[in-house]
>>> print(open('my_file_2.cif').read())   # mmCIF, C-alpha atoms
data_coords
#
loop_
_atom_site.label_atom_id
_atom_site.label_comp_id
_atom_site.auth_asym_id
_atom_site.auth_seq_id
_atom_site.Cartn_x
_atom_site.Cartn_y
_atom_site.Cartn_z
CA LYS Q 1 54.56 47.48 136.85
CA GLN Q 2 55.24 50.32 134.43
CA GLU Q 3 52.40 51.26 132.09
CA VAL Q 4 52.72 53.77 129.28
CA THR Q 5 49.73 55.37 127.60
CA GLN Q 6 49.60 57.60 124.55
CA ILE Q 7 46.84 59.98 123.59
CA PRO Q 8 45.37 60.34 121.05
CA ALA Q 9 45.49 56.90 119.43
CA ALA Q 10 45.09 58.47 116.01
CA LEU Q 11 45.33 62.00 114.66
CA SER Q 12 44.75 63.56 111.27
CA VAL Q 13 45.89 67.12 110.57
CA PRO Q 14 46.31 69.27 107.45
CA GLU Q 15 49.82 70.04 106.29
CA GLY Q 16 51.45 72.98 108.03
CA GLU Q 17 49.73 72.58 111.38
CA ASN Q 18 51.62 72.32 114.63
CA LEU Q 19 50.63 69.34 116.76
CA VAL Q 20 51.24 67.74 120.14
CA LEU Q 21 51.37 64.06 121.00
CA ASN Q 22 50.99 63.01 124.61
CA CYS Q 23 52.56 60.22 126.63
CA SER Q 24 52.01 59.32 130.27
CA PHE Q 25 53.69 56.69 132.45
CA THR Q 26 52.76 55.30 135.85
CA ASP Q 27 56.18 54.78 137.49
CA SER Q 28 58.36 57.89 137.63
CA ALA Q 29 61.52 55.86 138.43
CA ILE Q 30 62.84 56.01 134.87
CA TYR Q 31 66.31 56.53 133.43
CA ASN Q 32 65.16 58.17 130.25
CA LEU Q 33 62.29 58.51 127.82
CA GLN Q 34 62.50 58.01 124.09
CA TRP Q 35 60.26 58.92 121.19
CA PHE Q 36 60.33 56.65 118.15
CA ARG Q 37 58.77 56.75 114.74
CA GLN Q 38 57.53 53.63 112.94
CA ASP Q 39 56.55 53.65 109.28
CA PRO Q 40 54.18 50.90 108.02
CA GLY Q 41 56.00 47.60 107.63
CA LYS Q 42 59.26 49.08 108.88
CA GLY Q 43 61.36 49.09 112.02
CA LEU Q 44 61.59 51.84 114.60
CA THR Q 45 63.62 55.00 114.24
CA SER Q 46 64.69 56.85 117.35
CA LEU Q 47 63.72 60.53 117.22
CA LEU Q 48 64.64 61.96 120.60
CA LEU Q 49 65.95 60.70 123.93
CA ILE Q 50 65.45 62.72 127.12
CA GLN Q 51 67.44 61.75 130.18
CA SER Q 52 65.55 61.70 133.47
CA SER Q 53 67.43 64.81 134.61
CA GLN Q 54 66.45 66.80 131.51
CA ARG Q 55 63.28 68.74 130.80
CA GLU Q 56 63.34 68.81 127.01
CA GLN Q 57 65.18 67.92 123.83
CA THR Q 58 64.94 69.42 120.37
CA SER Q 59 65.77 68.09 116.93
CA GLY Q 60 64.75 70.15 113.93
CA ARG Q 61 60.98 70.57 113.95
CA LEU Q 62 60.61 68.18 116.88
CA ASN Q 63 60.59 69.14 120.53
CA ALA Q 64 60.05 66.66 123.35
CA SER Q 65 59.42 67.59 126.96
CA LEU Q 66 59.55 65.50 130.10
CA ASP Q 67 57.88 66.08 133.45
CA LYS Q 68 59.11 63.08 135.40
CA SER Q 69 57.30 63.87 138.64
CA SER Q 70 53.91 63.92 136.95
CA GLY Q 71 54.75 61.05 134.61
CA ARG Q 72 54.20 62.96 131.38
CA SER Q 73 55.95 63.71 128.14
CA THR Q 74 54.87 65.56 125.02
CA LEU Q 75 56.20 65.50 121.48
CA TYR Q 76 55.64 68.74 119.62
CA ILE Q 77 55.87 68.69 115.83
CA ALA Q 78 56.05 72.09 114.16
CA ALA Q 79 54.83 72.82 110.63
CA SER Q 80 53.77 69.24 109.93
CA GLN Q 81 54.46 67.68 106.52
CA PRO Q 82 52.95 64.64 104.74
CA GLY Q 83 56.29 62.89 105.29
CA ASP Q 84 55.63 63.05 109.04
CA SER Q 85 52.80 60.53 108.64
CA ALA Q 86 53.73 57.50 110.72
CA THR Q 87 53.07 55.91 114.10
CA TYR Q 88 54.84 57.65 116.98
CA LEU Q 89 55.81 55.57 119.98
CA CYS Q 90 56.86 56.73 123.40
CA ALA Q 91 59.00 54.42 125.56
CA VAL Q 92 60.50 54.72 129.03
CA THR Q 93 63.67 53.01 130.20
CA GLY Q 94 63.56 51.37 133.61
CA THR Q 95 65.97 49.05 135.41
CA ALA Q 96 68.24 46.75 133.38
CA SER Q 97 67.70 49.05 130.37
CA LYS Q 98 64.20 47.65 129.95
CA LEU Q 99 62.09 49.70 127.53
CA THR Q 100 58.36 49.83 128.11
CA PHE Q 101 56.47 51.09 125.08
CA GLY Q 102 53.28 53.06 124.83
CA THR Q 103 50.36 52.14 122.65
CA GLY Q 104 51.35 54.59 119.91
CA THR Q 105 49.73 57.50 118.09
CA ARG Q 106 49.02 57.05 114.39
CA LEU Q 107 49.54 60.39 112.66
CA GLN Q 108 48.24 61.29 109.23
CA VAL Q 109 49.23 64.63 107.69
CA THR Q 110 47.04 65.48 104.72
CA LEU Q 111 47.77 67.75 101.77
CA ASP X 1 76.66 49.49 106.42
CA THR X 2 73.45 48.36 108.18
CA ALA X 3 73.55 48.97 111.93
CA VAL X 4 71.17 46.24 113.14
CA SER X 5 70.23 43.51 110.69
CA GLN X 6 67.83 40.60 110.98
CA THR X 7 67.27 37.52 108.85
CA PRO X 8 64.94 36.46 107.49
CA LYS X 9 62.67 39.42 106.82
CA TYR X 10 59.66 37.15 106.30
CA LEU X 11 59.09 33.67 107.70
CA VAL X 12 56.04 31.53 106.91
CA THR X 13 55.86 28.13 108.54
CA GLN X 14 53.51 25.43 109.79
CA MET X 15 52.40 24.92 113.37
CA GLY X 16 54.71 22.65 115.32
CA ASN X 17 57.86 23.53 113.38
CA ASP X 18 61.05 24.91 114.91
CA LYS X 19 62.55 28.10 113.47
CA SER X 20 65.32 30.60 114.17
CA ILE X 21 65.69 34.32 113.58
CA LYS X 22 69.16 35.85 113.47
CA CYS X 23 70.23 39.32 114.55
CA GLU X 24 73.56 41.09 114.15
CA GLN X 25 74.68 44.59 115.13
CA ASN X 26 77.84 46.36 114.01
CA LEU X 27 77.55 49.31 116.39
CA GLY X 28 79.83 47.91 119.08
CA HIS X 29 76.95 47.91 121.57
CA ASP X 30 77.05 45.75 124.66
CA THR X 31 73.32 45.14 125.06
CA MET X 32 70.90 43.45 122.64
CA TYR X 33 67.16 42.88 122.84
CA TRP X 34 64.28 40.96 121.30
CA TYR X 35 60.83 42.54 121.08
CA LYS X 36 57.51 41.17 119.86
CA GLN X 37 54.96 43.38 118.10
CA ASP X 38 51.54 41.78 118.01
CA SER X 39 48.66 42.28 115.60
CA LYS X 40 47.51 45.32 117.56
CA LYS X 41 50.95 46.87 117.01
CA PHE X 42 51.82 46.73 120.72
CA LEU X 43 55.57 46.32 121.27
CA LYS X 44 56.75 44.29 124.23
CA ILE X 45 60.22 43.27 125.32
CA MET X 46 61.00 39.55 125.43
CA PHE X 47 64.70 39.26 126.24
CA SER X 48 67.74 41.39 126.87
CA TYR X 49 71.40 40.35 126.82
CA ASN X 50 74.30 42.37 128.16
CA ASN X 51 77.79 41.17 127.19
CA LYS X 52 76.35 37.76 126.28
CA GLU X 53 74.53 37.40 129.61
CA LEU X 54 70.76 37.24 129.93
CA ILE X 55 69.51 40.16 132.03
CA ILE X 56 65.84 40.43 131.10
CA ASN X 57 63.55 37.47 130.53
CA GLU X 58 59.94 38.52 130.48
CA THR X 59 57.13 35.99 130.83
CA VAL X 60 57.91 34.27 127.58
CA PRO X 61 57.14 30.56 127.00
CA ASN X 62 60.07 28.17 127.30
CA ARG X 63 59.65 27.43 123.61
CA PHE X 64 61.51 30.70 122.97
CA SER X 65 65.24 30.46 123.57
CA PRO X 66 67.64 33.31 122.85
CA LYS X 67 71.27 32.57 122.13
CA SER X 68 74.12 35.06 122.09
CA PRO X 69 77.30 33.55 120.60
CA ASP X 70 79.08 36.89 120.95
CA LYS X 71 78.32 40.53 121.76
CA ALA X 72 77.38 41.33 118.15
CA HIS X 73 74.82 38.54 117.71
CA LEU X 74 71.58 37.59 119.41
CA ASN X 75 69.56 34.82 117.80
CA LEU X 76 66.05 33.71 118.69
CA HIS X 77 65.07 30.08 118.40
CA ILE X 78 61.42 29.09 118.65
CA ASN X 79 60.32 25.48 119.18
CA SER X 80 56.92 23.96 118.42
CA LEU X 81 55.51 27.09 116.80
CA GLU X 82 51.91 28.01 117.60
CA LEU X 83 49.40 30.22 115.79
CA GLY X 84 49.73 32.84 118.54
CA ASP X 85 53.41 33.24 117.78
CA SER X 86 52.54 35.06 114.57
CA ALA X 87 53.87 38.59 114.98
CA VAL X 88 56.70 40.87 113.96
CA TYR X 89 59.86 40.27 115.96
CA PHE X 90 62.33 43.13 116.34
CA CYS X 91 65.92 42.96 117.44
CA ALA X 92 67.56 46.05 118.95
CA SER X 93 70.87 47.06 120.47
CA SER X 94 72.19 49.82 122.69
CA HIS X 95 75.06 50.84 124.87
CA GLU X 96 73.59 50.17 128.32
CA GLY X 97 70.57 52.48 128.81
CA ASP X 98 71.23 54.75 125.86
CA THR X 99 69.22 55.03 122.64
CA GLN X 100 68.13 51.66 121.29
CA TYR X 101 68.61 50.99 117.59
CA PHE X 102 66.14 48.65 115.99
CA GLY X 103 66.43 46.17 113.17
CA PRO X 104 63.90 46.09 110.31
CA GLY X 105 61.87 43.29 111.89
CA THR X 106 61.00 39.70 110.97
CA ARG X 107 57.37 39.03 110.12
CA LEU X 108 56.56 35.52 111.33
CA THR X 109 53.38 33.85 110.09
CA VAL X 110 52.40 30.50 111.55
CA LEU X 111 49.82 28.57 109.52
#
>>> encode(input="my_file_2.cif", output="C-alpha coordinates")
Amino acid sequence: KQEVTQIPAALSVPEGENLVLNCSFTDSAIYNLQWFRQDPGKGLTSLLLIQSSQREQTSGRLNASLDKSSGRSTLYIAASQPGDSATYLCAVTGTASKLTFGTGTRLQVTL
Amino acid sequence: DTAVSQTPKYLVTQMGNDKSIKCEQNLGHDTMYWYKQDSKKFLKIMFSYNNKELIINETVPNRFSPKSPDKAHLNLHINSLELGDSAVYFCASSHEGDTQYFGPGTRLTVL
(Lines of atoms letter the chains of each structure in order from A and count residues from 1; the text may use other names and numbers.)
(Lines give C-alpha, C1' and ligand atoms only; values in the text may rest on other atoms or scores of the structure.)
Protein backbone atom coordinates (compact mmCIF):
# COMPACT_ATOMS: atom_id res chain seq x y z
CA LYS A 1 0.00 0.00 0.00
CA GLN A 2 1.39 3.36 -1.07
CA GLU A 3 2.07 5.87 1.70
CA VAL A 4 3.11 9.45 1.09
CA THR A 5 4.68 11.62 3.78
CA GLN A 6 5.50 15.30 3.71
CA ILE A 7 7.97 17.12 5.90
CA PRO A 8 7.69 19.59 7.51
CA ALA A 9 4.00 19.69 8.40
CA ALA A 10 4.17 23.45 8.78
CA LEU A 11 6.70 26.10 7.85
CA SER A 12 6.92 29.84 8.42
CA VAL A 13 9.50 31.91 6.54
CA PRO A 14 10.08 35.64 5.96
CA GLU A 15 9.39 37.03 2.52
CA GLY A 16 12.23 36.62 0.04
CA GLU A 17 13.62 33.38 1.43
CA ASN A 18 14.15 30.31 -0.69
CA LEU A 19 12.60 27.16 0.75
CA VAL A 20 12.33 23.42 0.17
CA LEU A 21 9.37 21.16 0.84
CA ASN A 22 9.93 17.43 1.06
CA CYS A 23 7.83 14.47 -0.01
CA SER A 24 8.59 10.77 0.34
CA PHE A 25 6.66 7.73 -0.89
CA THR A 26 6.99 4.05 -0.04
CA ASP A 27 6.26 2.36 -3.39
CA SER A 28 8.49 3.48 -6.26
CA ALA A 29 6.17 1.95 -8.91
CA ILE A 30 4.57 5.28 -9.82
CA TYR A 31 3.56 6.82 -13.14
CA ASN A 32 4.09 10.39 -12.07
CA LEU A 33 4.21 12.74 -9.11
CA GLN A 34 2.27 15.95 -8.78
CA TRP A 35 2.55 18.96 -6.52
CA PHE A 36 -0.65 20.83 -5.71
CA ARG A 37 -1.46 23.99 -3.85
CA GLN A 38 -4.59 24.38 -1.70
CA ASP A 39 -5.73 27.74 -0.36
CA PRO A 40 -8.01 27.77 2.72
CA GLY A 41 -11.56 26.81 1.81
CA LYS A 42 -10.63 26.28 -1.83
CA GLY A 43 -9.97 23.42 -4.21
CA LEU A 44 -6.60 22.17 -5.38
CA THR A 45 -4.49 23.77 -8.05
CA SER A 46 -1.93 21.66 -9.87
CA LEU A 47 1.52 23.26 -9.81
CA LEU A 48 3.85 20.74 -11.41
CA LEU A 49 3.67 17.19 -12.74
CA ILE A 50 6.82 15.08 -13.09
CA GLN A 51 6.62 11.90 -15.12
CA SER A 52 8.35 8.85 -13.65
CA SER A 53 11.04 9.07 -16.34
CA GLN A 54 11.86 12.70 -15.53
CA ARG A 55 14.14 14.12 -12.86
CA GLU A 56 12.72 17.62 -12.51
CA GLN A 57 10.22 20.18 -13.72
CA THR A 58 10.27 23.96 -13.47
CA SER A 59 7.55 26.57 -13.57
CA GLY A 60 8.48 30.14 -12.75
CA ARG A 61 9.86 30.27 -9.22
CA LEU A 62 8.98 26.63 -8.61
CA ASN A 63 11.24 23.67 -9.23
CA ALA A 64 10.28 20.09 -8.42
CA SER A 65 12.66 17.16 -8.44
CA LEU A 66 11.99 13.44 -8.40
CA ASP A 67 14.24 10.59 -7.30
CA LYS A 68 12.01 7.62 -7.98
CA SER A 69 14.44 4.96 -6.79
CA SER A 70 14.74 6.50 -3.34
CA GLY A 71 11.07 7.50 -3.20
CA ARG A 72 11.65 11.22 -2.77
CA SER A 73 10.61 14.50 -4.28
CA THR A 74 11.32 18.10 -3.34
CA LEU A 75 9.55 21.32 -4.23
CA TYR A 76 11.85 24.32 -4.26
CA ILE A 77 10.27 27.77 -4.05
CA ALA A 78 12.58 30.67 -4.85
CA ALA A 79 12.20 34.19 -3.47
CA SER A 80 9.04 33.38 -1.50
CA GLN A 81 6.17 35.89 -1.41
CA PRO A 82 3.19 36.29 0.96
CA GLY A 83 0.97 35.10 -1.89
CA ASP A 84 2.74 31.72 -1.71
CA SER A 85 1.10 31.07 1.67
CA ALA A 86 -1.02 27.95 1.28
CA THR A 87 -0.94 24.21 1.92
CA TYR A 88 1.23 22.28 -0.52
CA LEU A 89 0.30 18.71 -1.30
CA CYS A 90 2.37 16.05 -2.96
CA ALA A 91 0.60 13.15 -4.71
CA VAL A 92 1.80 10.09 -6.60
CA THR A 93 -0.10 8.35 -9.38
CA GLY A 94 -0.20 4.57 -9.26
CA THR A 95 -2.19 2.00 -11.23
CA ALA A 96 -5.61 2.95 -12.63
CA SER A 97 -4.60 6.63 -12.34
CA LYS A 98 -5.07 6.43 -8.58
CA LEU A 99 -3.64 9.46 -6.77
CA THR A 100 -2.31 8.97 -3.26
CA PHE A 101 -1.86 12.24 -1.41
CA GLY A 102 0.63 13.24 1.22
CA THR A 103 -0.25 14.85 4.50
CA GLY A 104 0.58 18.35 3.25
CA THR A 105 2.89 21.18 4.32
CA ARG A 106 1.25 24.38 5.52
CA LEU A 107 3.39 27.31 4.40
CA GLN A 108 3.20 30.81 5.82
CA VAL A 109 5.30 33.56 4.23
CA THR A 110 5.49 36.62 6.46
CA LEU A 111 6.16 40.24 5.55
CA ASP B 1 -15.83 28.78 -18.43
CA THR B 2 -15.30 26.70 -15.27
CA ALA B 3 -13.33 23.51 -15.93
CA VAL B 4 -14.65 21.30 -13.10
CA SER B 5 -17.76 22.44 -11.28
CA GLN B 6 -19.59 20.99 -8.29
CA THR B 7 -22.98 21.70 -6.78
CA PRO B 8 -23.83 22.51 -4.12
CA LYS B 9 -20.87 24.31 -2.56
CA TYR B 10 -22.27 23.85 0.93
CA LEU B 11 -24.66 21.17 2.17
CA VAL B 12 -26.05 21.02 5.71
CA THR B 13 -28.38 18.16 6.52
CA GLN B 14 -29.66 15.93 9.30
CA MET B 15 -28.43 12.44 10.10
CA GLY B 16 -30.30 9.75 8.20
CA ASN B 17 -31.10 11.90 5.17
CA ASP B 18 -30.13 11.06 1.59
CA LYS B 19 -28.27 13.67 -0.47
CA SER B 20 -26.52 14.04 -3.82
CA ILE B 21 -23.56 16.08 -5.00
CA LYS B 22 -23.17 16.81 -8.70
CA CYS B 23 -19.97 17.22 -10.69
CA GLU B 24 -19.44 18.31 -14.28
CA GLN B 25 -16.27 18.83 -16.31
CA ASN B 26 -15.97 20.58 -19.66
CA LEU B 27 -12.37 19.58 -20.36
CA GLY B 28 -13.18 16.57 -22.51
CA HIS B 29 -11.44 14.27 -20.01
CA ASP B 30 -12.19 10.57 -19.93
CA THR B 31 -11.59 9.95 -16.23
CA MET B 32 -13.37 11.47 -13.22
CA TYR B 33 -12.82 11.04 -9.50
CA TRP B 34 -14.34 11.67 -6.09
CA TYR B 35 -12.12 12.48 -3.12
CA LYS B 36 -12.92 13.04 0.54
CA GLN B 37 -10.97 15.53 2.67
CA ASP B 38 -11.52 14.95 6.36
CA SER B 39 -11.24 17.35 9.29
CA LYS B 40 -7.50 16.77 9.45
CA LYS B 41 -7.25 17.91 5.82
CA PHE B 42 -6.17 14.46 4.60
CA LEU B 43 -7.32 13.81 1.02
CA LYS B 44 -8.28 10.28 0.05
CA ILE B 45 -9.68 8.89 -3.17
CA MET B 46 -13.12 7.30 -3.04
CA PHE B 47 -14.05 6.46 -6.63
CA SER B 48 -12.73 6.76 -10.15
CA TYR B 49 -14.64 6.40 -13.42
CA ASN B 50 -13.10 6.00 -16.85
CA ASN B 51 -15.46 6.42 -19.82
CA LYS B 52 -18.44 5.88 -17.52
CA GLU B 53 -16.99 2.68 -16.04
CA LEU B 54 -16.01 2.30 -12.40
CA ILE B 55 -12.29 1.54 -12.13
CA ILE B 56 -11.44 2.49 -8.55
CA ASN B 57 -13.67 1.81 -5.57
CA GLU B 58 -11.80 2.26 -2.33
CA THR B 59 -13.16 0.91 0.94
CA VAL B 60 -16.15 3.21 0.97
CA PRO B 61 -19.44 2.24 2.67
CA ASN B 62 -22.22 1.02 0.38
CA ARG B 63 -24.18 4.10 1.38
CA PHE B 64 -22.03 6.00 -1.13
CA SER B 65 -23.00 5.37 -4.74
CA PRO B 66 -21.40 7.19 -7.66
CA LYS B 67 -23.29 7.58 -10.91
CA SER B 68 -21.86 8.62 -14.25
CA PRO B 69 -24.61 9.39 -16.78
CA ASP B 70 -21.99 10.43 -19.34
CA LYS B 71 -18.26 11.15 -19.57
CA ALA B 72 -18.70 14.76 -18.47
CA HIS B 73 -20.65 14.04 -15.28
CA LEU B 74 -19.98 12.08 -12.11
CA ASN B 75 -22.51 12.44 -9.32
CA LEU B 76 -22.22 11.15 -5.77
CA HIS B 77 -25.29 9.96 -3.91
CA ILE B 78 -25.10 9.32 -0.19
CA ASN B 79 -27.80 7.38 1.69
CA SER B 80 -28.53 7.45 5.41
CA LEU B 81 -26.02 10.18 6.20
CA GLU B 82 -23.94 9.80 9.36
CA LEU B 83 -22.03 12.33 11.46
CA GLY B 84 -18.73 10.87 10.20
CA ASP B 85 -19.65 11.74 6.63
CA SER B 86 -19.04 15.41 7.40
CA ALA B 87 -16.12 16.46 5.21
CA VAL B 88 -15.25 18.31 2.05
CA TYR B 89 -15.84 16.26 -1.08
CA PHE B 90 -13.82 17.07 -4.18
CA CYS B 91 -14.50 16.02 -7.73
CA ALA B 92 -11.62 15.88 -10.22
CA SER B 93 -11.01 14.91 -13.82
CA SER B 94 -8.07 13.99 -16.00
CA HIS B 95 -7.08 12.41 -19.26
CA GLU B 96 -5.96 8.98 -18.05
CA GLY B 97 -2.93 9.45 -15.76
CA ASP B 98 -2.23 13.07 -16.61
CA THR B 99 -2.70 16.11 -14.39
CA GLN B 100 -5.91 15.99 -12.38
CA TYR B 101 -8.05 19.12 -12.27
CA PHE B 102 -10.09 19.63 -9.15
CA GLY B 103 -13.45 21.21 -8.52
CA PRO B 104 -13.95 23.80 -5.74
CA GLY B 105 -15.28 21.22 -3.29
CA THR B 106 -18.58 20.61 -1.49
CA ARG B 107 -18.53 21.10 2.27
CA LEU B 108 -20.96 18.58 3.77
CA THR B 109 -22.07 19.03 7.37
CA VAL B 110 -24.21 16.34 8.95
CA LEU B 111 -26.01 17.41 12.14
>>> interface_residues(input="my_file_2.cif", of="chain Q", to="chain X", cutoff="9 Å", atoms="only C-alpha atoms", output="number ranges by chain")
Q: 31-32, 34, 41-46, 48-49, 93-104
>>> resolve_selection(input="my_file_2.cif", expression="the PyMOL selection byres ((chain Q and resi 23) around 10)", output="ChimeraX atom specification")
/Q:4-8,21-22,24-25,33,35,66,71-75,89-92,102-105
>>> resolve_selection(input="my_file_2.cif", expression="the PyMOL selection byres ((chain Q and resi 109) around 6)", output="ChimeraX atom specification")
/Q:12-15,82,85,108,110
>>> atom_distance(input="my_file_2.cif", atom1="atom CA of X:Asp18", atom2="atom CA of X:Asn51")
26.4 Å
>>> closest_residue(input="my_file_2.cif", among="X:Ser68, X:Thr59, X:Asn79, X:Gln37", to="X:Ser20", atoms="all atoms listed in the file")
X:Asn79
>>> atom_distance(input="my_file_2.cif", atom1="atom CA of Q:Gln81", atom2="atom CA of Q:Ala9")
19.1 Å
>>> resolve_selection(input="my_file_2.cif", expression="the PyMOL selection byres ((chain Q and resi 18) around 8)", output="PyMOL selection string")
chain Q and resi 16-17+19-20+76-80
>>> decode(input="my_file_2.cif", residues="stretch 26-38 of chain Q", atoms="N, CA and C atoms", output="mmCIF file, in the first residue's frame")
data_model
loop_
_atom_site.group_PDB
_atom_site.id
_atom_site.type_symbol
_atom_site.label_atom_id
_atom_site.label_comp_id
_atom_site.auth_asym_id
_atom_site.auth_seq_id
_atom_site.Cartn_x
_atom_site.Cartn_y
_atom_site.Cartn_z
ATOM 1 N N THR Q 26 6.459 5.366 -0.389
ATOM 2 C CA THR Q 26 6.993 4.046 -0.037
ATOM 3 C C THR Q 26 7.106 3.095 -1.230
ATOM 4 N N ASP Q 27 6.253 3.256 -2.234
ATOM 5 C CA ASP Q 27 6.263 2.356 -3.389
ATOM 6 C C ASP Q 27 6.755 3.128 -4.610
ATOM 7 N N SER Q 28 7.888 2.731 -5.147
ATOM 8 C CA SER Q 28 8.492 3.481 -6.260
ATOM 9 C C SER Q 28 7.830 3.190 -7.615
ATOM 10 N N ALA Q 29 6.865 2.283 -7.647
ATOM 11 C CA ALA Q 29 6.167 1.955 -8.907
ATOM 12 C C ALA Q 29 5.086 2.996 -9.178
ATOM 13 N N ILE Q 30 5.522 4.183 -9.575
ATOM 14 C CA ILE Q 30 4.575 5.279 -9.820
ATOM 15 C C ILE Q 30 4.650 5.691 -11.284
ATOM 16 N N TYR Q 31 3.573 6.300 -11.773
ATOM 17 C CA TYR Q 31 3.558 6.823 -13.136
ATOM 18 C C TYR Q 31 4.029 8.272 -13.168
ATOM 19 N N ASN Q 32 3.633 9.007 -12.166
ATOM 20 C CA ASN Q 32 4.090 10.387 -12.070
ATOM 21 C C ASN Q 32 3.882 10.893 -10.651
ATOM 22 N N LEU Q 33 4.383 12.083 -10.398
ATOM 23 C CA LEU Q 33 4.213 12.737 -9.110
ATOM 24 C C LEU Q 33 3.755 14.159 -9.376
ATOM 25 N N GLN Q 34 2.794 14.601 -8.604
ATOM 26 C CA GLN Q 34 2.268 15.949 -8.784
ATOM 27 C C GLN Q 34 2.385 16.738 -7.489
ATOM 28 N N TRP Q 35 2.618 18.022 -7.639
ATOM 29 C CA TRP Q 35 2.551 18.960 -6.523
ATOM 30 C C TRP Q 35 1.339 19.864 -6.742
ATOM 31 N N PHE Q 36 0.548 19.992 -5.674
ATOM 32 C CA PHE Q 36 -0.646 20.830 -5.706
ATOM 33 C C PHE Q 36 -0.524 21.914 -4.641
ATOM 34 N N ARG Q 37 -1.334 22.939 -4.846
ATOM 35 C CA ARG Q 37 -1.464 23.991 -3.850
ATOM 36 C C ARG Q 37 -2.932 24.066 -3.467
ATOM 37 N N GLN Q 38 -3.205 24.216 -2.156
ATOM 38 C CA GLN Q 38 -4.585 24.382 -1.702
ATOM 39 C C GLN Q 38 -4.658 25.599 -0.794
#
